[in-house]
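For reference, start.pdb is printed below; it contains PDB, C-alpha atoms, pLDDT in the B column.
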ATOM      1  CA  MET Z   1       0.000   0.000   0.000  1.00 52.00           C
ATOM      2  CA  THR Z   2       1.313   3.420  -0.860  1.00 60.00           C
ATOM      3  CA  GLU Z   3       1.749   6.125   1.665  1.00 73.00           C
ATOM      4  CA  ARG Z   4      -0.390   9.263   1.679  1.00 78.00           C
ATOM      5  CA  LYS Z   5       0.752  12.268  -0.303  1.00 72.00           C
ATOM      6  CA  PRO Z   6       2.686  14.546   2.007  1.00 76.00           C
ATOM      7  CA  PRO Z   7       1.403  18.088   2.362  1.00 81.00           C
ATOM      8  CA  GLY Z   8       3.259  20.685   0.319  1.00 77.00           C
ATOM      9  CA  VAL Z   9       4.366  18.220  -2.391  1.00 74.00           C
ATOM     10  CA  SER Z  10       2.659  18.471  -5.753  1.00 74.00           C
ATOM     11  CA  PHE Z  11       0.633  15.440  -6.753  1.00 69.00           C
ATOM     12  CA  GLU Z  12       2.623  14.942  -9.961  1.00 70.00           C
ATOM     13  CA  THR Z  13       5.944  14.870  -8.122  1.00 76.00           C
ATOM     14  CA  TRP Z  14       4.597  12.485  -5.477  1.00 77.00           C
ATOM     15  CA  ALA Z  15       3.070  10.128  -8.062  1.00 83.00           C
ATOM     16  CA  ASP Z  16       6.212  10.157 -10.195  1.00 87.00           C
ATOM     17  CA  ARG Z  17       8.297   9.237  -7.157  1.00 84.00           C
ATOM     18  CA  GLN Z  18       5.953   6.356  -6.284  1.00 87.00           C
ATOM     19  CA  ILE Z  19       6.175   5.007  -9.836  1.00 89.00           C
ATOM     20  CA  ARG Z  20       9.959   5.399 -10.028  1.00 89.00           C
ATOM     21  CA  GLU Z  21      10.497   3.620  -6.689  1.00 90.00           C
ATOM     22  CA  ALA Z  22       8.176   0.761  -7.692  1.00 91.00           C
ATOM     23  CA  ALA Z  23      10.027   0.398 -11.004  1.00 90.00           C
ATOM     24  CA  GLU Z  24      13.374   0.326  -9.176  1.00 92.00           C
ATOM     25  CA  ARG Z  25      12.050  -2.481  -6.958  1.00 93.00           C
ATOM     26  CA  GLY Z  26      11.063  -4.362 -10.142  1.00 91.00           C
ATOM     27  CA  GLU Z  27       7.353  -4.392  -9.370  1.00 91.00           C
ATOM     28  CA  PHE Z  28       6.409  -3.776 -13.028  1.00 89.00           C
ATOM     29  CA  ALA Z  29       8.741  -6.384 -14.547  1.00 89.00           C
ATOM     30  CA  GLY Z  30       6.237  -9.250 -14.368  1.00 87.00           C
ATOM     31  CA  LEU Z  31       3.351  -7.411 -15.995  1.00 88.00           C
ATOM     32  CA  PRO Z  32       2.046  -8.637 -19.374  1.00 83.00           C
ATOM     33  CA  GLY Z  33       3.493  -6.583 -22.197  1.00 83.00           C
ATOM     34  CA  PHE Z  34       6.459  -5.332 -20.112  1.00 84.00           C
ATOM     35  CA  GLY Z  35       9.174  -4.050 -22.438  1.00 84.00           C
ATOM     36  CA  LYS Z  36       6.942  -4.319 -25.532  1.00 87.00           C
ATOM     37  CA  PRO Z  37       5.602  -1.418 -27.584  1.00 88.00           C
ATOM     38  CA  LEU Z  38       2.024  -0.318 -26.975  1.00 82.00           C
ATOM     39  CA  THR Z  39      -0.434  -1.766 -29.479  1.00 79.00           C
ATOM     40  CA  GLY Z  40      -3.192   0.104 -31.284  1.00 79.00           C
ATOM     41  CA  LEU Z  41      -1.606   3.558 -31.168  1.00 83.00           C
ATOM     42  CA  ASP Z  42      -2.292   4.068 -34.890  1.00 87.00           C
ATOM     43  CA  GLU Z  43      -5.949   3.040 -34.603  1.00 86.00           C
ATOM     44  CA  PRO Z  44      -8.869   5.400 -33.900  1.00 91.00           C
ATOM     45  CA  TYR Z  45      -9.751   5.730 -30.224  1.00 89.00           C
ATOM     46  CA  ASP Z  46     -12.403   3.348 -28.927  1.00 88.00           C
ATOM     47  CA  ALA Z  47     -13.743   3.989 -25.428  1.00 91.00           C
ATOM     48  CA  MET Z  48     -14.512   0.272 -25.029  1.00 88.00           C
ATOM     49  CA  TRP Z  49     -11.014  -0.921 -26.066  1.00 86.00           C
ATOM     50  CA  TRP Z  50     -10.286  -2.416 -22.655  1.00 88.00           C
ATOM     51  CA  VAL Z  51     -13.562  -4.387 -22.601  1.00 89.00           C
ATOM     52  CA  LYS Z  52     -12.900  -5.785 -26.076  1.00 86.00           C
ATOM     53  CA  GLU Z  53      -9.314  -6.655 -25.143  1.00 86.00           C
ATOM     54  CA  LYS Z  54     -10.407  -8.460 -21.961  1.00 90.00           C
ATOM     55  CA  MET Z  55     -13.057 -10.404 -23.862  1.00 88.00           C
ATOM     56  CA  ARG Z  56     -10.470 -11.390 -26.492  1.00 86.00           C
ATOM     57  CA  ARG Z  57      -7.976 -12.491 -23.811  1.00 87.00           C
ATOM     58  CA  GLU Z  58     -10.595 -14.539 -21.988  1.00 90.00           C
ATOM     59  CA  ASN Z  59     -12.055 -15.950 -25.206  1.00 84.00           C
ATOM     60  CA  LEU Z  60     -15.526 -14.540 -24.516  1.00 83.00           C
ATOM     61  CA  SER Z  61     -18.153 -13.835 -27.153  1.00 72.00           C
ATOM     62  CA  PHE Z  62     -20.114 -10.730 -28.094  1.00 78.00           C
ATOM     63  CA  LEU Z  63     -22.890 -12.942 -29.425  1.00 82.00           C
ATOM     64  CA  PRO Z  64     -26.177 -13.745 -27.689  1.00 85.00           C
ATOM     65  CA  PRO Z  65     -26.299 -17.404 -26.533  1.00 87.00           C
ATOM     66  CA  ALA Z  66     -28.438 -18.584 -29.481  1.00 88.00           C
ATOM     67  CA  LEU Z  67     -26.064 -17.073 -32.043  1.00 88.00           C
ATOM     68  CA  ALA Z  68     -23.017 -18.322 -30.161  1.00 88.00           C
ATOM     69  CA  LEU Z  69     -24.442 -21.867 -30.301  1.00 92.00           C
ATOM     70  CA  ARG Z  70     -25.058 -21.534 -34.046  1.00 92.00           C
ATOM     71  CA  LYS Z  71     -21.429 -20.474 -34.504  1.00 92.00           C
ATOM     72  CA  GLU Z  72     -20.233 -23.325 -32.294  1.00 94.00           C
ATOM     73  CA  ALA Z  73     -22.341 -25.778 -34.336  1.00 96.00           C
ATOM     74  CA  GLU Z  74     -20.817 -24.521 -37.602  1.00 95.00           C
ATOM     75  CA  ASP Z  75     -17.318 -24.830 -36.142  1.00 95.00           C
ATOM     76  CA  ALA Z  76     -18.079 -28.334 -34.864  1.00 96.00           C
ATOM     77  CA  ARG Z  77     -19.320 -29.422 -38.296  1.00 95.00           C
ATOM     78  CA  GLU Z  78     -16.119 -28.128 -39.921  1.00 94.00           C
ATOM     79  CA  ALA Z  79     -13.985 -29.803 -37.241  1.00 95.00           C
ATOM     80  CA  ALA Z  80     -15.830 -33.092 -37.757  1.00 94.00           C
ATOM     81  CA  VAL Z  81     -15.205 -33.087 -41.497  1.00 91.00           C
ATOM     82  CA  ARG Z  82     -11.475 -32.463 -40.864  1.00 92.00           C
ATOM     83  CA  ALA Z  83     -11.244 -34.962 -37.989  1.00 93.00           C
ATOM     84  CA  PRO Z  84      -8.489 -37.619 -38.146  1.00 94.00           C
ATOM     85  CA  SER Z  85     -10.776 -40.578 -37.414  1.00 94.00           C
ATOM     86  CA  GLU Z  86     -14.390 -41.691 -37.557  1.00 94.00           C
ATOM     87  CA  ARG Z  87     -14.390 -41.926 -33.768  1.00 95.00           C
ATOM     88  CA  ALA Z  88     -13.377 -38.252 -33.554  1.00 95.00           C
ATOM     89  CA  VAL Z  89     -16.170 -37.306 -35.999  1.00 95.00           C
ATOM     90  CA  ARG Z  90     -18.745 -39.091 -33.863  1.00 95.00           C
ATOM     91  CA  ARG Z  91     -17.397 -37.514 -30.671  1.00 96.00           C
ATOM     92  CA  VAL Z  92     -17.443 -33.935 -32.066  1.00 96.00           C
ATOM     93  CA  ILE Z  93     -20.944 -34.293 -33.527  1.00 96.00           C
ATOM     94  CA  GLY Z  94     -22.216 -36.047 -30.385  1.00 96.00           C
ATOM     95  CA  GLU Z  95     -20.980 -33.222 -28.157  1.00 97.00           C
ATOM     96  CA  ILE Z  96     -22.540 -30.456 -30.256  1.00 96.00           C
ATOM     97  CA  ASN Z  97     -25.777 -32.427 -30.656  1.00 96.00           C
ATOM     98  CA  THR Z  98     -26.042 -32.651 -26.858  1.00 96.00           C
ATOM     99  CA  LYS Z  99     -25.747 -28.857 -26.613  1.00 95.00           C
ATOM    100  CA  ILE Z 100     -28.254 -28.333 -29.422  1.00 95.00           C
ATOM    101  CA  ARG Z 101     -30.798 -30.684 -27.844  1.00 95.00           C
ATOM    102  CA  GLU Z 102     -30.472 -28.896 -24.501  1.00 94.00           C
ATOM    103  CA  ALA Z 103     -30.943 -25.510 -26.193  1.00 92.00           C
ATOM    104  CA  VAL Z 104     -34.026 -26.795 -28.041  1.00 91.00           C
ATOM    105  CA  ARG Z 105     -35.519 -28.002 -24.730  1.00 92.00           C
ATOM    106  CA  GLN Z 106     -34.755 -24.740 -22.942  1.00 90.00           C
ATOM    107  CA  PRO Z 107     -34.295 -22.016 -25.573  1.00 84.00           C
ATOM    108  CA  PRO Z 108     -31.616 -19.463 -24.712  1.00 82.00           C
ATOM    109  CA  PRO Z 109     -32.442 -15.745 -24.716  1.00 82.00           C
ATOM    110  CA  GLY Z 110     -32.011 -13.846 -27.946  1.00 79.00           C
ATOM    111  CA  PRO Z 111     -32.991 -14.613 -31.514  1.00 83.00           C
ATOM    112  CA  PRO Z 112     -34.672 -17.934 -32.355  1.00 84.00           C
ATOM    113  CA  LEU Z 113     -32.261 -20.855 -32.379  1.00 83.00           C
ATOM    114  CA  SER Z 114     -33.564 -22.497 -35.598  1.00 86.00           C
ATOM    115  CA  LEU Z 115     -31.040 -25.305 -35.219  1.00 89.00           C
ATOM    116  CA  GLU Z 116     -31.495 -29.063 -35.205  1.00 92.00           C
ATOM    117  CA  PRO Z 117     -29.062 -31.777 -34.137  1.00 94.00           C
ATOM    118  CA  TYR Z 118     -26.824 -33.057 -36.924  1.00 94.00           C
ATOM    119  CA  ASP Z 119     -27.405 -36.470 -38.463  1.00 94.00           C
ATOM    120  CA  VAL Z 120     -24.273 -38.290 -37.275  1.00 94.00           C
ATOM    121  CA  GLU Z 121     -24.372 -40.870 -40.067  1.00 94.00           C
ATOM    122  CA  SER Z 122     -24.647 -38.140 -42.702  1.00 93.00           C
ATOM    123  CA  VAL Z 123     -21.596 -36.335 -41.291  1.00 93.00           C
ATOM    124  CA  VAL Z 124     -19.656 -39.625 -41.096  1.00 93.00           C
ATOM    125  CA  ARG Z 125     -20.625 -40.371 -44.727  1.00 93.00           C
ATOM    126  CA  GLU Z 126     -19.348 -36.915 -45.783  1.00 91.00           C
ATOM    127  CA  TRP Z 127     -16.140 -37.496 -43.802  1.00 92.00           C
ATOM    128  CA  ARG Z 128     -15.604 -40.834 -45.570  1.00 91.00           C
ATOM    129  CA  GLU Z 129     -16.233 -39.297 -48.997  1.00 91.00           C
ATOM    130  CA  ARG Z 130     -13.678 -36.562 -48.377  1.00 88.00           C
ATOM    131  CA  ARG Z 131     -11.103 -39.137 -47.316  1.00 86.00           C
ATOM    132  CA  GLY Z 132     -11.911 -41.438 -50.214  1.00 80.00           C
ATOM    133  CA  THR Z 133     -12.751 -44.423 -47.971  1.00 67.00           C
TER
END
Can you dump the structure from the file as structure tokens?
Amino acid sequence: MTERKPPGVSFETWADRQIREAAERGEFAGLPGFGKPLTGLDEPYDAMWWVKEKMRRENLSFLPPALALRKEAEDAREAAVRAPSERAVRRVIGEINTKIREAVRQPPPGPPLSLEPYDVESVVREWRERRGT
């Protein structure tokens, strides 16, 4: 905890001293981005930059739950078609189908889901055709 600003010392001088002493103790060395140039200086100012950055770092979505599930379903379908084995295809499609079924039973807030579980055999057939087996 920092000490209180002494009377008669300007705030800028007091703050600068606190920062300098902390830097000398190495208290900033472990911070993310230490020693790297600041990003986004050439971009227009966005008042919500820190919110967007935190959401990106924590892999959060801007989408309402229904749209996020649609996106996840599309990604799962693509992952299944590129999967290394039939077992992996069935696992990926099974996992997303479980989420879709749950969302159909209890619709999430936001736009209509308009999504149905994938036909596992159809996806496996497509996977086989792409692999030539």
Report task. Check which residues satisfy the PyMOL selection byres ((chain Z and resi 121) around 12) in the file shown, then give them as a list of chain:residue names. Result ->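 Evaluating the PyMOL selection byres ((chain Z and resi 121) around 12) on this file yields Z:Ala80, Z:Glu86, Z:Arg87, Z:Val89, Z:Arg90, Z:Ile93, Z:Gly94, Z:Pro117, Z:Tyr118, Z:Asp119, Z:Val120, Z:Ser122, Z:Val123, Z:Val124, Z:Arg125, Z:Glu126, Z:Trp127, Z:Arg128.
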**Report entry** Selection result for the PyMOL selection byres ((chain Z and resi 96-112) around 8) on this file, as an NGL selection string
**Finding:** :Z and (64-67 or 69 or 72-73 or 76 or 92-95 or 113-118)
Report task. Can you work out the spacing between atom CA of Thr13 of chain Z and atom CA of Gly40 of chain Z in Å, to one decimal? Result -> 28.9 Å
**Report entry** Distance of atom CA of Pro32 of chain Z from atom CA of Lys52 of chain Z, expressed in Å to one decimal place
**Finding:**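 Atom CA of Pro32 of chain Z lies 16.6 Å from atom CA of Lys52 of chain Z.
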Report task. Can you work out the spacing between atom CA of Arg70 of chain Z and atom CA of Arg130 of chain Z in Å, to one decimal? Result ->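 Taking atom CA of Arg70 of chain Z as the start and atom CA of Arg130 of chain Z as the end point, the length is 23.7 Å.
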